[in-house]
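This is model_30.cif (mmCIF, C-alpha atoms and all ligand atoms).
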data_input
#
loop_
_atom_site.group_PDB
_atom_site.id
_atom_site.type_symbol
_atom_site.label_atom_id
_atom_site.label_comp_id
_atom_site.auth_asym_id
_atom_site.auth_seq_id
_atom_site.Cartn_x
_atom_site.Cartn_y
_atom_site.Cartn_z
ATOM 1 C CA MET A 1 39.816 34.981 -49.617
ATOM 2 C CA ILE A 2 37.172 33.718 -47.186
ATOM 3 C CA GLU A 3 34.938 36.360 -45.666
ATOM 4 C CA ILE A 4 32.116 35.230 -43.438
ATOM 5 C CA SER A 5 30.015 38.017 -42.005
ATOM 6 C CA ASN A 6 27.288 37.663 -39.403
ATOM 7 C CA LEU A 7 26.597 34.055 -40.314
ATOM 8 C CA THR A 8 23.595 32.611 -38.538
ATOM 9 C CA PHE A 9 22.794 28.999 -39.335
ATOM 10 C CA GLY A 10 20.844 26.085 -37.877
ATOM 11 C CA TYR A 11 19.307 22.986 -39.405
ATOM 12 C CA SER A 12 16.059 24.099 -37.778
ATOM 13 C CA LYS A 13 14.909 27.656 -37.064
ATOM 14 C CA LYS A 14 14.664 26.921 -33.328
ATOM 15 C CA LYS A 15 18.218 25.685 -32.754
ATOM 16 C CA THR A 16 21.033 27.732 -34.233
ATOM 17 C CA LEU A 17 24.558 26.364 -34.554
ATOM 18 C CA PHE A 18 26.160 29.734 -35.319
ATOM 19 C CA LYS A 19 24.981 33.164 -34.377
ATOM 20 C CA ASN A 20 26.509 36.214 -36.074
ATOM 21 C CA LEU A 21 29.717 34.328 -36.762
ATOM 22 C CA ASN A 22 32.494 36.328 -38.449
ATOM 23 C CA LEU A 23 35.643 34.937 -40.003
ATOM 24 C CA ASP A 24 38.344 36.180 -42.392
ATOM 25 C CA LEU A 25 40.865 33.728 -43.824
ATOM 26 C CA GLN A 26 43.736 34.456 -46.190
ATOM 27 C CA THR A 27 45.586 32.546 -48.915
ATOM 28 C CA GLY A 28 49.049 31.147 -48.201
ATOM 29 C CA HIS A 29 47.904 29.415 -45.008
ATOM 30 C CA ILE A 30 46.834 26.003 -43.747
ATOM 31 C CA TYR A 31 44.145 26.484 -41.097
ATOM 32 C CA GLY A 32 43.250 23.798 -38.563
ATOM 33 C CA LEU A 33 39.640 23.910 -37.382
ATOM 34 C CA LEU A 34 38.991 22.422 -33.944
ATOM 35 C CA GLY A 35 35.756 22.097 -32.001
ATOM 36 C CA LYS A 36 34.000 19.631 -29.729
ATOM 37 C CA ASN A 37 31.753 16.916 -31.221
ATOM 38 C CA GLY A 38 28.667 18.616 -32.540
ATOM 39 C CA ALA A 39 30.158 22.136 -32.339
ATOM 40 C CA GLY A 40 29.396 22.541 -36.035
ATOM 41 C CA LYS A 41 32.773 22.130 -37.764
ATOM 42 C CA SER A 42 31.382 20.108 -40.674
ATOM 43 C CA THR A 43 28.446 22.484 -40.950
ATOM 44 C CA LEU A 44 30.733 25.522 -41.097
ATOM 45 C CA LEU A 45 32.767 23.832 -43.834
ATOM 46 C CA LYS A 46 29.562 23.032 -45.732
ATOM 47 C CA ASN A 47 28.565 26.707 -45.555
ATOM 48 C CA LEU A 48 31.970 27.564 -47.010
ATOM 49 C CA ALA A 49 31.549 25.011 -49.778
ATOM 50 C CA GLY A 50 28.039 26.239 -50.642
ATOM 51 C CA LEU A 51 26.437 22.933 -49.647
ATOM 52 C CA VAL A 52 24.156 24.540 -47.050
ATOM 53 C CA PHE A 53 23.054 28.159 -46.993
ATOM 54 C CA PRO A 54 23.110 30.790 -44.242
ATOM 55 C CA GLN A 55 19.826 31.734 -42.563
ATOM 56 C CA GLU A 56 21.315 35.178 -42.143
ATOM 57 C CA GLY A 57 24.608 36.747 -43.097
ATOM 58 C CA LEU A 58 26.967 36.078 -45.955
ATOM 59 C CA CYS A 59 29.666 33.595 -46.765
ATOM 60 C CA LYS A 60 32.043 34.715 -49.528
ATOM 61 C CA VAL A 61 34.982 32.983 -51.186
ATOM 62 C CA ASN A 62 37.108 35.038 -53.581
ATOM 63 C CA GLY A 63 34.332 37.631 -53.534
ATOM 64 C CA TYR A 64 31.610 35.129 -54.592
ATOM 65 C CA ASP A 65 28.612 34.405 -52.380
ATOM 66 C CA THR A 66 28.986 30.641 -51.818
ATOM 67 C CA SER A 67 25.214 30.088 -51.632
ATOM 68 C CA LYS A 68 24.941 31.148 -55.298
ATOM 69 C CA ARG A 69 27.218 28.229 -56.301
ATOM 70 C CA SER A 70 28.508 30.023 -59.363
ATOM 71 C CA PRO A 71 30.690 27.892 -61.707
ATOM 72 C CA ARG A 72 33.487 30.451 -61.378
ATOM 73 C CA LEU A 73 33.556 29.811 -57.663
ATOM 74 C CA LEU A 74 33.124 26.033 -57.828
ATOM 75 C CA GLN A 75 36.067 25.571 -60.184
ATOM 76 C CA GLU A 76 38.283 27.176 -57.530
ATOM 77 C CA LEU A 77 36.953 25.197 -54.569
ATOM 78 C CA PHE A 78 37.380 21.552 -53.629
ATOM 79 C CA PHE A 79 35.692 19.968 -50.616
ATOM 80 C CA ILE A 80 36.600 16.544 -49.237
ATOM 81 C CA PRO A 81 33.783 15.452 -46.914
ATOM 82 C CA GLU A 82 34.240 13.189 -43.919
ATOM 83 C CA GLU A 83 32.270 10.382 -45.523
ATOM 84 C CA LEU A 84 32.920 9.380 -49.103
ATOM 85 C CA HIS A 85 30.661 7.716 -51.638
ATOM 86 C CA LEU A 86 32.900 7.092 -54.618
ATOM 87 C CA PRO A 87 31.747 5.740 -57.984
ATOM 88 C CA ALA A 88 32.639 2.362 -59.502
ATOM 89 C CA VAL A 89 35.454 3.701 -61.682
ATOM 90 C CA THR A 90 39.248 3.533 -61.392
ATOM 91 C CA ALA A 91 41.333 6.427 -60.010
ATOM 92 C CA SER A 92 42.544 7.124 -63.567
ATOM 93 C CA ARG A 93 39.049 7.160 -65.062
ATOM 94 C CA PHE A 94 37.810 9.357 -62.232
ATOM 95 C CA ALA A 95 40.469 11.977 -62.953
ATOM 96 C CA GLU A 96 39.871 11.833 -66.717
ATOM 97 C CA SER A 97 36.144 12.417 -66.283
ATOM 98 C CA THR A 98 36.247 14.932 -63.397
ATOM 99 C CA GLY A 99 39.591 16.750 -63.600
ATOM 100 C CA HIS A 100 38.477 19.065 -66.419
ATOM 101 C CA PHE A 101 36.026 20.808 -64.052
ATOM 102 C CA TYR A 102 39.123 22.312 -62.413
ATOM 103 C CA PRO A 103 41.144 24.450 -64.862
ATOM 104 C CA LYS A 104 44.407 23.992 -62.938
ATOM 105 C CA PHE A 105 44.044 20.236 -62.457
ATOM 106 C CA ASP A 106 47.452 18.585 -62.897
ATOM 107 C CA MET A 107 47.310 14.893 -63.910
ATOM 108 C CA ASN A 108 51.046 14.317 -63.315
ATOM 109 C CA GLN A 109 50.780 15.707 -59.802
ATOM 110 C CA TYR A 110 47.750 13.442 -59.179
ATOM 111 C CA TYR A 111 49.612 10.288 -60.249
ATOM 112 C CA ALA A 112 52.711 11.299 -58.297
ATOM 113 C CA MET A 113 50.639 11.660 -55.105
ATOM 114 C CA LEU A 114 48.778 8.380 -55.680
ATOM 115 C CA SER A 115 52.128 6.694 -56.111
ATOM 116 C CA GLU A 116 53.478 8.319 -52.943
ATOM 117 C CA PHE A 117 50.358 7.128 -51.102
ATOM 118 C CA ASN A 118 50.736 3.679 -52.663
ATOM 119 C CA VAL A 119 47.155 3.560 -53.951
ATOM 120 C CA PRO A 120 46.383 1.142 -56.804
ATOM 121 C CA ILE A 121 45.242 3.170 -59.816
ATOM 122 C CA ASN A 122 43.481 0.366 -61.663
ATOM 123 C CA SER A 123 41.079 -0.771 -58.909
ATOM 124 C CA PHE A 124 37.515 0.479 -58.730
ATOM 125 C CA LEU A 125 37.299 3.293 -56.193
ATOM 126 C CA ASN A 126 34.232 1.832 -54.458
ATOM 127 C CA LYS A 127 36.194 -1.386 -53.828
ATOM 128 C CA LEU A 128 39.125 0.382 -52.144
ATOM 129 C CA SER A 129 39.404 0.546 -48.346
ATOM 130 C CA PHE A 130 38.128 3.700 -46.628
ATOM 131 C CA GLY A 131 41.709 4.890 -46.031
ATOM 132 C CA GLN A 132 42.640 4.292 -49.683
ATOM 133 C CA GLN A 133 39.526 6.170 -50.849
ATOM 134 C CA LYS A 134 40.528 9.086 -48.609
ATOM 135 C CA LYS A 135 43.986 9.090 -50.178
ATOM 136 C CA VAL A 136 42.534 9.216 -53.703
ATOM 137 C CA MET A 137 40.376 12.200 -52.765
ATOM 138 C CA ILE A 138 43.244 13.980 -51.010
ATOM 139 C CA ALA A 139 45.449 13.440 -54.087
ATOM 140 C CA PHE A 140 42.642 14.637 -56.376
ATOM 141 C CA GLY A 141 41.894 17.678 -54.202
ATOM 142 C CA LEU A 142 45.525 18.729 -54.048
ATOM 143 C CA ALA A 143 46.083 18.127 -57.778
ATOM 144 C CA SER A 144 42.997 20.231 -58.588
ATOM 145 C CA ASN A 145 45.083 23.246 -57.468
ATOM 146 C CA THR A 146 41.949 25.126 -56.483
ATOM 147 C CA ALA A 147 42.375 28.367 -54.546
ATOM 148 C CA LEU A 148 40.424 26.853 -51.652
ATOM 149 C CA LEU A 149 40.772 23.272 -50.447
ATOM 150 C CA ILE A 150 38.504 22.198 -47.606
ATOM 151 C CA MET A 151 39.018 18.874 -45.845
ATOM 152 C CA ASP A 152 36.714 17.466 -43.193
ATOM 153 C CA GLU A 153 38.563 14.961 -40.992
ATOM 154 C CA PRO A 154 41.025 13.990 -43.761
ATOM 155 C CA THR A 155 43.191 11.816 -41.507
ATOM 156 C CA ASN A 156 40.290 9.573 -40.422
ATOM 157 C CA GLY A 157 41.076 6.141 -41.790
ATOM 158 C CA LEU A 158 44.748 6.867 -42.495
ATOM 159 C CA ASP A 159 47.325 4.624 -40.813
ATOM 160 C CA ILE A 160 50.328 6.155 -39.033
ATOM 161 C CA PRO A 161 52.786 6.113 -41.994
ATOM 162 C CA SER A 162 50.061 7.593 -44.225
ATOM 163 C CA LYS A 163 49.483 10.434 -41.755
ATOM 164 C CA VAL A 164 53.164 11.302 -42.034
ATOM 165 C CA GLN A 165 52.905 11.221 -45.857
ATOM 166 C CA PHE A 166 49.745 13.302 -45.676
ATOM 167 C CA ARG A 167 51.486 16.074 -43.735
ATOM 168 C CA LYS A 168 54.427 16.020 -46.134
ATOM 169 C CA ILE A 169 52.239 16.127 -49.243
ATOM 170 C CA MET A 170 50.031 18.898 -47.830
ATOM 171 C CA ALA A 171 52.979 21.074 -46.893
ATOM 172 C CA SER A 172 54.501 20.677 -50.361
ATOM 173 C CA ALA A 173 51.206 21.623 -52.070
ATOM 174 C CA LEU A 174 50.701 24.921 -50.218
ATOM 175 C CA THR A 175 51.375 28.031 -52.306
ATOM 176 C CA GLU A 176 50.807 31.736 -51.712
ATOM 177 C CA GLU A 177 47.677 31.495 -53.920
ATOM 178 C CA ARG A 178 46.009 28.675 -51.979
ATOM 179 C CA CYS A 179 44.116 28.443 -48.734
ATOM 180 C CA MET A 180 43.545 25.106 -47.019
ATOM 181 C CA VAL A 181 41.106 24.508 -44.187
ATOM 182 C CA ILE A 182 41.223 21.194 -42.321
ATOM 183 C CA SER A 183 38.888 20.111 -39.553
ATOM 184 C CA THR A 184 39.817 17.359 -37.151
ATOM 185 C CA HIS A 185 39.555 16.089 -33.611
ATOM 186 C CA GLN A 186 42.897 14.376 -34.014
ATOM 187 C CA VAL A 187 44.775 17.472 -32.862
ATOM 188 C CA ARG A 188 48.111 15.654 -33.039
ATOM 189 C CA ASP A 189 47.554 14.991 -36.744
ATOM 190 C CA LEU A 190 47.804 18.729 -37.347
ATOM 191 C CA ASP A 191 51.187 19.020 -35.633
ATOM 192 C CA SER A 192 53.819 20.535 -37.907
ATOM 193 C CA LEU A 193 51.203 20.914 -40.643
ATOM 194 C CA ILE A 194 48.982 23.894 -39.883
ATOM 195 C CA ASP A 195 50.237 27.426 -39.360
ATOM 196 C CA SER A 196 46.972 28.874 -38.039
ATOM 197 C CA LEU A 197 44.430 27.633 -35.538
ATOM 198 C CA LEU A 198 40.662 28.131 -35.559
ATOM 199 C CA VAL A 199 38.565 27.057 -32.582
ATOM 200 C CA LEU A 200 34.808 26.841 -32.927
ATOM 201 C CA HIS A 201 33.032 26.994 -29.582
ATOM 202 C CA GLN A 202 29.547 27.977 -28.474
ATOM 203 C CA GLU A 203 28.315 29.300 -31.834
ATOM 204 C CA GLU A 204 31.420 31.374 -32.535
ATOM 205 C CA VAL A 205 34.979 31.126 -33.806
ATOM 206 C CA VAL A 206 36.662 32.080 -30.535
ATOM 207 C CA ILE A 207 40.254 31.717 -31.771
ATOM 208 C CA ASN A 208 41.607 32.623 -35.199
ATOM 209 C CA ARG A 209 45.346 33.089 -34.790
ATOM 210 C CA SER A 210 48.582 31.948 -36.359
ATOM 211 C CA LEU A 211 50.665 29.635 -34.171
ATOM 212 C CA ASP A 212 53.352 32.358 -34.143
ATOM 213 C CA ASP A 213 50.864 34.888 -32.772
ATOM 214 C CA ILE A 214 49.785 32.401 -30.125
ATOM 215 C CA ALA A 215 53.380 31.670 -29.082
ATOM 216 C CA GLU A 216 54.034 35.404 -28.861
ATOM 217 C CA ARG A 217 51.196 35.830 -26.357
ATOM 218 C CA ILE A 218 51.179 32.664 -24.261
ATOM 219 C CA GLN A 219 53.711 30.050 -23.162
ATOM 220 C CA PHE A 220 53.375 26.293 -22.761
ATOM 221 C CA THR A 221 55.719 24.973 -20.072
ATOM 222 C CA ASN A 222 55.838 22.648 -17.100
ATOM 223 C CA ALA A 223 54.932 24.135 -13.723
ATOM 224 C CA ALA A 224 58.580 24.635 -12.672
ATOM 225 C CA GLN A 225 59.339 26.823 -15.723
ATOM 226 C CA ALA A 226 56.067 28.763 -15.710
ATOM 227 C CA ASN A 227 55.774 32.440 -14.962
ATOM 228 C CA LYS A 228 53.904 31.885 -11.667
ATOM 229 C CA GLU A 229 51.919 35.141 -11.649
ATOM 230 C CA GLY A 230 50.837 34.638 -15.233
ATOM 231 C CA ILE A 231 49.471 31.078 -15.064
ATOM 232 C CA LEU A 232 46.182 30.867 -16.972
ATOM 233 C CA TYR A 233 45.527 27.118 -17.072
ATOM 234 C CA ILE A 234 47.037 23.952 -15.622
ATOM 235 C CA GLU A 235 46.754 20.317 -16.565
ATOM 236 C CA HIS A 236 47.954 17.404 -14.424
ATOM 237 C CA HIS A 237 49.524 14.476 -16.208
ATOM 238 C CA GLY A 238 51.226 11.293 -14.956
ATOM 239 C CA ILE A 239 54.543 12.812 -13.974
ATOM 240 C CA GLY A 240 53.823 16.476 -13.367
ATOM 241 C CA ILE A 241 51.882 19.595 -14.265
ATOM 242 C CA ASN A 242 51.754 21.436 -17.591
ATOM 243 C CA THR A 243 50.775 25.080 -17.727
ATOM 244 C CA ILE A 244 49.692 27.825 -20.045
ATOM 245 C CA SER A 245 50.863 31.236 -18.893
ATOM 246 C CA THR A 246 51.182 34.718 -20.307
ATOM 247 C CA ASN A 247 54.374 35.317 -22.265
ATOM 248 C CA VAL A 248 56.089 38.061 -20.307
ATOM 249 C CA ASN A 249 59.709 37.344 -21.250
ATOM 250 C CA GLY A 250 59.287 37.031 -25.034
ATOM 251 C CA VAL A 251 60.404 33.392 -25.148
ATOM 252 C CA TYR A 252 58.540 31.365 -27.780
ATOM 253 C CA THR A 253 57.440 27.863 -26.774
ATOM 254 C CA LYS A 254 55.850 25.185 -28.957
ATOM 255 C CA VAL A 255 52.074 25.615 -29.016
ATOM 256 C CA ASP A 256 50.383 22.587 -27.421
ATOM 257 C CA MET A 257 47.172 22.703 -29.469
ATOM 258 C CA GLU A 258 45.497 19.959 -27.499
ATOM 259 C CA MET A 259 46.064 21.739 -24.207
ATOM 260 C CA LEU A 260 44.990 25.084 -25.643
ATOM 261 C CA PHE A 261 41.828 23.485 -27.014
ATOM 262 C CA ASN A 262 41.079 21.889 -23.617
ATOM 263 C CA ALA A 263 41.531 25.244 -21.923
ATOM 264 C CA VAL A 264 39.154 26.971 -24.332
ATOM 265 C CA VAL A 265 36.400 24.370 -24.118
ATOM 266 C CA HIS A 266 36.643 24.496 -20.330
ATOM 267 C CA ASN A 267 35.735 28.151 -20.717
ATOM 268 C CA HIS A 268 39.007 29.776 -19.768
ATOM 269 C CA THR A 269 37.893 33.085 -21.176
ATOM 270 C CA SER A 270 41.098 34.826 -20.088
ATOM 271 C CA ILE A 271 43.012 32.799 -22.697
ATOM 272 C CA VAL A 272 40.444 33.583 -25.377
ATOM 273 C CA ASP A 273 40.672 37.278 -24.437
ATOM 274 C CA ILE A 274 44.468 37.287 -24.704
ATOM 275 C CA LEU A 275 44.229 35.676 -28.148
ATOM 276 C CA LYS A 276 41.468 38.008 -29.420
HETATM 277 N N1 LIG B 1 21.746 17.298 -42.039
HETATM 278 C C1 LIG B 1 21.498 17.589 -40.763
HETATM 279 N N2 LIG B 1 20.238 17.772 -40.323
HETATM 280 C C2 LIG B 1 19.975 18.094 -39.031
HETATM 281 N N3 LIG B 1 20.932 18.260 -38.088
HETATM 282 C C3 LIG B 1 22.194 18.087 -38.463
HETATM 283 C C4 LIG B 1 22.564 17.741 -39.810
HETATM 284 N N4 LIG B 1 23.910 17.646 -39.895
HETATM 285 C C5 LIG B 1 24.370 17.906 -38.642
HETATM 286 N N5 LIG B 1 23.363 18.174 -37.791
HETATM 287 C C6 LIG B 1 23.481 18.542 -36.380
HETATM 288 O O1 LIG B 1 24.246 19.744 -36.292
HETATM 289 C C7 LIG B 1 25.144 19.686 -35.184
HETATM 290 C C8 LIG B 1 26.562 19.957 -35.669
HETATM 291 O O2 LIG B 1 26.965 18.893 -36.511
HETATM 292 P P1 LIG B 1 28.370 18.900 -37.263
HETATM 293 O O3 LIG B 1 28.476 17.589 -37.967
HETATM 294 O O4 LIG B 1 28.506 20.142 -38.044
HETATM 295 O O5 LIG B 1 29.371 18.971 -36.012
HETATM 296 P P2 LIG B 1 30.908 18.626 -35.930
HETATM 297 O O6 LIG B 1 31.545 19.682 -35.095
HETATM 298 O O7 LIG B 1 31.491 18.423 -37.290
HETATM 299 O O8 LIG B 1 30.867 17.256 -35.133
HETATM 300 P P3 LIG B 1 31.856 16.017 -35.060
HETATM 301 O O9 LIG B 1 33.105 16.517 -34.409
HETATM 302 O O10 LIG B 1 31.141 15.043 -34.197
HETATM 303 O O11 LIG B 1 32.089 15.514 -36.464
HETATM 304 C C9 LIG B 1 24.965 18.320 -34.537
HETATM 305 O O12 LIG B 1 24.133 18.494 -33.421
HETATM 306 C C10 LIG B 1 24.277 17.504 -35.604
HETATM 307 O O13 LIG B 1 23.399 16.562 -35.037
#
Please express the file's structure as structure tokens.
Amino acid sequence: MIEISNLTFGYSKKKTLFKNLNLDLQTGHIYGLLGKNGAGKSTLLKNLAGLVFPQEGLCKVNGYDTSKRSPRLLQELFFIPEELHLPAVTASRFAESTGHFYPKFDMNQYYAMLSEFNVPINSFLNKLSFGQQKKVMIAFGLASNTALLIMDEPTNGLDIPSKVQFRKIMASALTEERCMVISTHQVRDLDSLIDSLLVLHQEEVVINRSLDDIAERIQFTNAAQANKEGILYIEHHGIGINTISTNVNGVYTKVDMEMLFNAVVHNHTSIVDILK
């Protein structure tokens, strides 16, 4: 559904953020996009949403070039940016005036999610707290039932109970026809939500793998349980040492996304190579 080929982009010609970046994403998945501050996560999402245009290469969603911003594409794509500037209308009025741009928009689903998130539907959106505004947009984006839903830092501003609700609501809204891409630095917020991990590092997507694929190739254990010859990365914590090692015995361990991300950004190319 998403095909990015040889994407080169920079806000100025001199400094590129991506160079010949390639990426293929499929429907039926929730992808988590990780990268250091300034790696270009938001910019990559904006290329996908057709809000900025490649200098070179092509970004396609459902076969449409996103830079052309065709109505047929835009009705199947919803982007929730990190910062919101919502109008002075109620959540109900907003849906009545905007929902019809999305042919599969479901008003009942929208109200059900707002109720689950406990957001007042009769207050002006611009008077709601940042977290409440985020919840309205998340509910609207999910209820739009677009084939592609892109969220930039959706959990920013959500309190702990709302993050739990967010994960629950997201998981229930995924279908085989939808693709969701979420960027965050709050790696823990993605736990038990995403099924595939993308890591953007040094102008490229260096990891694009399902968590199952990752667990098949590498193991996350403490030092005592690690396959000593296969240790690829270690991290000291208060009471011991955690390791990433090659999976030689076929035992699946839970993927520690934070540790994997740390390993990648510290340039442990052997891990990237194993996950290629
Ligand atoms: N509109 C813009 N004009 C010029 N430079 C920009 C613009 N937007 C972003 N940048 C620059 O592009 C780089 C990547 O920014 P981007 O926001 O995509 O990174 P990010 O990975 O989302 O960062 P963060 O994790 O801090 O949100 C940064 O160096 C930023 O200063």
Could you expand the PyMOL selection byres (((chain A and resi 131-139) around 8) and not hetatm) into the explicit residues it covers here, written as a PyMOL selection string? chain A and resi 80+84+86+91+110+113-114+117+119+125-126+128-130+140-143+154+156-159
I need the chosen residues saved as a compact mmCIF listing (two decimals), in the coordinates of the input, with C-alpha atoms.
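So the final result, stored in again_6.txt, reads:
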# COMPACT_ATOMS: atom_id res chain seq x y z
CA ILE A 80 36.60 16.54 -49.24
CA LEU A 84 32.92 9.38 -49.10
CA LEU A 86 32.90 7.09 -54.62
CA ALA A 91 41.33 6.43 -60.01
CA TYR A 110 47.75 13.44 -59.18
CA MET A 113 50.64 11.66 -55.10
CA LEU A 114 48.78 8.38 -55.68
CA PHE A 117 50.36 7.13 -51.10
CA VAL A 119 47.16 3.56 -53.95
CA LEU A 125 37.30 3.29 -56.19
CA ASN A 126 34.23 1.83 -54.46
CA LEU A 128 39.12 0.38 -52.14
CA SER A 129 39.40 0.55 -48.35
CA PHE A 130 38.13 3.70 -46.63
CA PHE A 140 42.64 14.64 -56.38
CA GLY A 141 41.89 17.68 -54.20
CA LEU A 142 45.52 18.73 -54.05
CA ALA A 143 46.08 18.13 -57.78
CA PRO A 154 41.02 13.99 -43.76
CA ASN A 156 40.29 9.57 -40.42
CA GLY A 157 41.08 6.14 -41.79
CA LEU A 158 44.75 6.87 -42.50
CA ASP A 159 47.32 4.62 -40.81
Write out as CSV the residues of chain A that have any atom within 7 Å of an atom of ligand LIG 1 (chain B), one row each with the nearest atom pair and its distance in Å to one decimal, counting only C-alpha atoms and all ligand atoms, sorted by chain and then rising number.
residue,atom,partner,partner_atom,distance
A:Tyr11,CA,B:LIG1,C2,5.0
A:Leu17,CA,B:LIG1,C7,6.7
A:Gly35,CA,B:LIG1,O6,5.8
A:Lys36,CA,B:LIG1,O9,5.7
A:Asn37,CA,B:LIG1,O9,3.5
A:Gly38,CA,B:LIG1,O5,3.6
A:Ala39,CA,B:LIG1,O6,3.9
A:Gly40,CA,B:LIG1,O4,3.3
A:Lys41,CA,B:LIG1,O6,3.8
A:Ser42,CA,B:LIG1,O7,3.8
A:Thr43,CA,B:LIG1,O4,3.7
A:Leu44,CA,B:LIG1,O4,6.6
A:His185,CA,B:LIG1,O9,6.5
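What the PyMOL selection byres (((chain A and resi 10) around 12) and not hetatm) matches in the given file is Leu7, Thr8, Phe9, Tyr11, Ser12, Lys13, Lys14, Lys15, Thr16, Leu17, Phe18, Lys19, Asn20, Ala39, Gly40, Thr43, Leu44, Asn47, Val52, Phe53, Pro54, Gln55, Glu56 and Glu203 of chain A.
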Could you give me, as a count of residues only, the residues within 6 Å of A:Leu149, counting all atoms listed in the file and dropping anything in the same chain fewer than 4 positions from it? 3
Any chance you could work out the residue set of the PyMOL selection byres (((chain A and resi 63) around 9) and not hetatm) here, as a PyMOL selection string? chain A and resi 1-3+60-62+64-66+73
Which protein, DNA or RNA residues are at most 10 Å from (34.6, 24.6, -63.7) in the file's coordinates when you count all atoms listed in the file, listed as a list in words? Ser70, Pro71, Arg72, Leu73, Leu74, Gln75, Glu76, Leu77, Thr98, Gly99, His100, Phe101, Tyr102, Pro103 and Lys104 of chain A
From the options A:Ala226, A:Ala215, A:Gly250, A:Thr243, which residue's atoms come nearest to A:Leu275, counting all atoms listed in the file? A:Ala215
Determine the nearest neighbour of A:Glu153 from the options A:Leu25, A:Ile169, A:Leu34, A:Ile4, counting only C-alpha atoms.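 So, comparing all the options, the nearest one is A:Leu34.
Residues in contact with stretch 194-201 of chain A at up to 6 Å, not including ones fewer than 4 positions away on its chain and judged by only C-alpha atoms, are Ile30, Tyr31, Gly32, Leu33, Leu34, Gly35, Leu190, Val205, Val206, Ile207, Asn208, Arg209, Ser210 and Leu211 of chain A.
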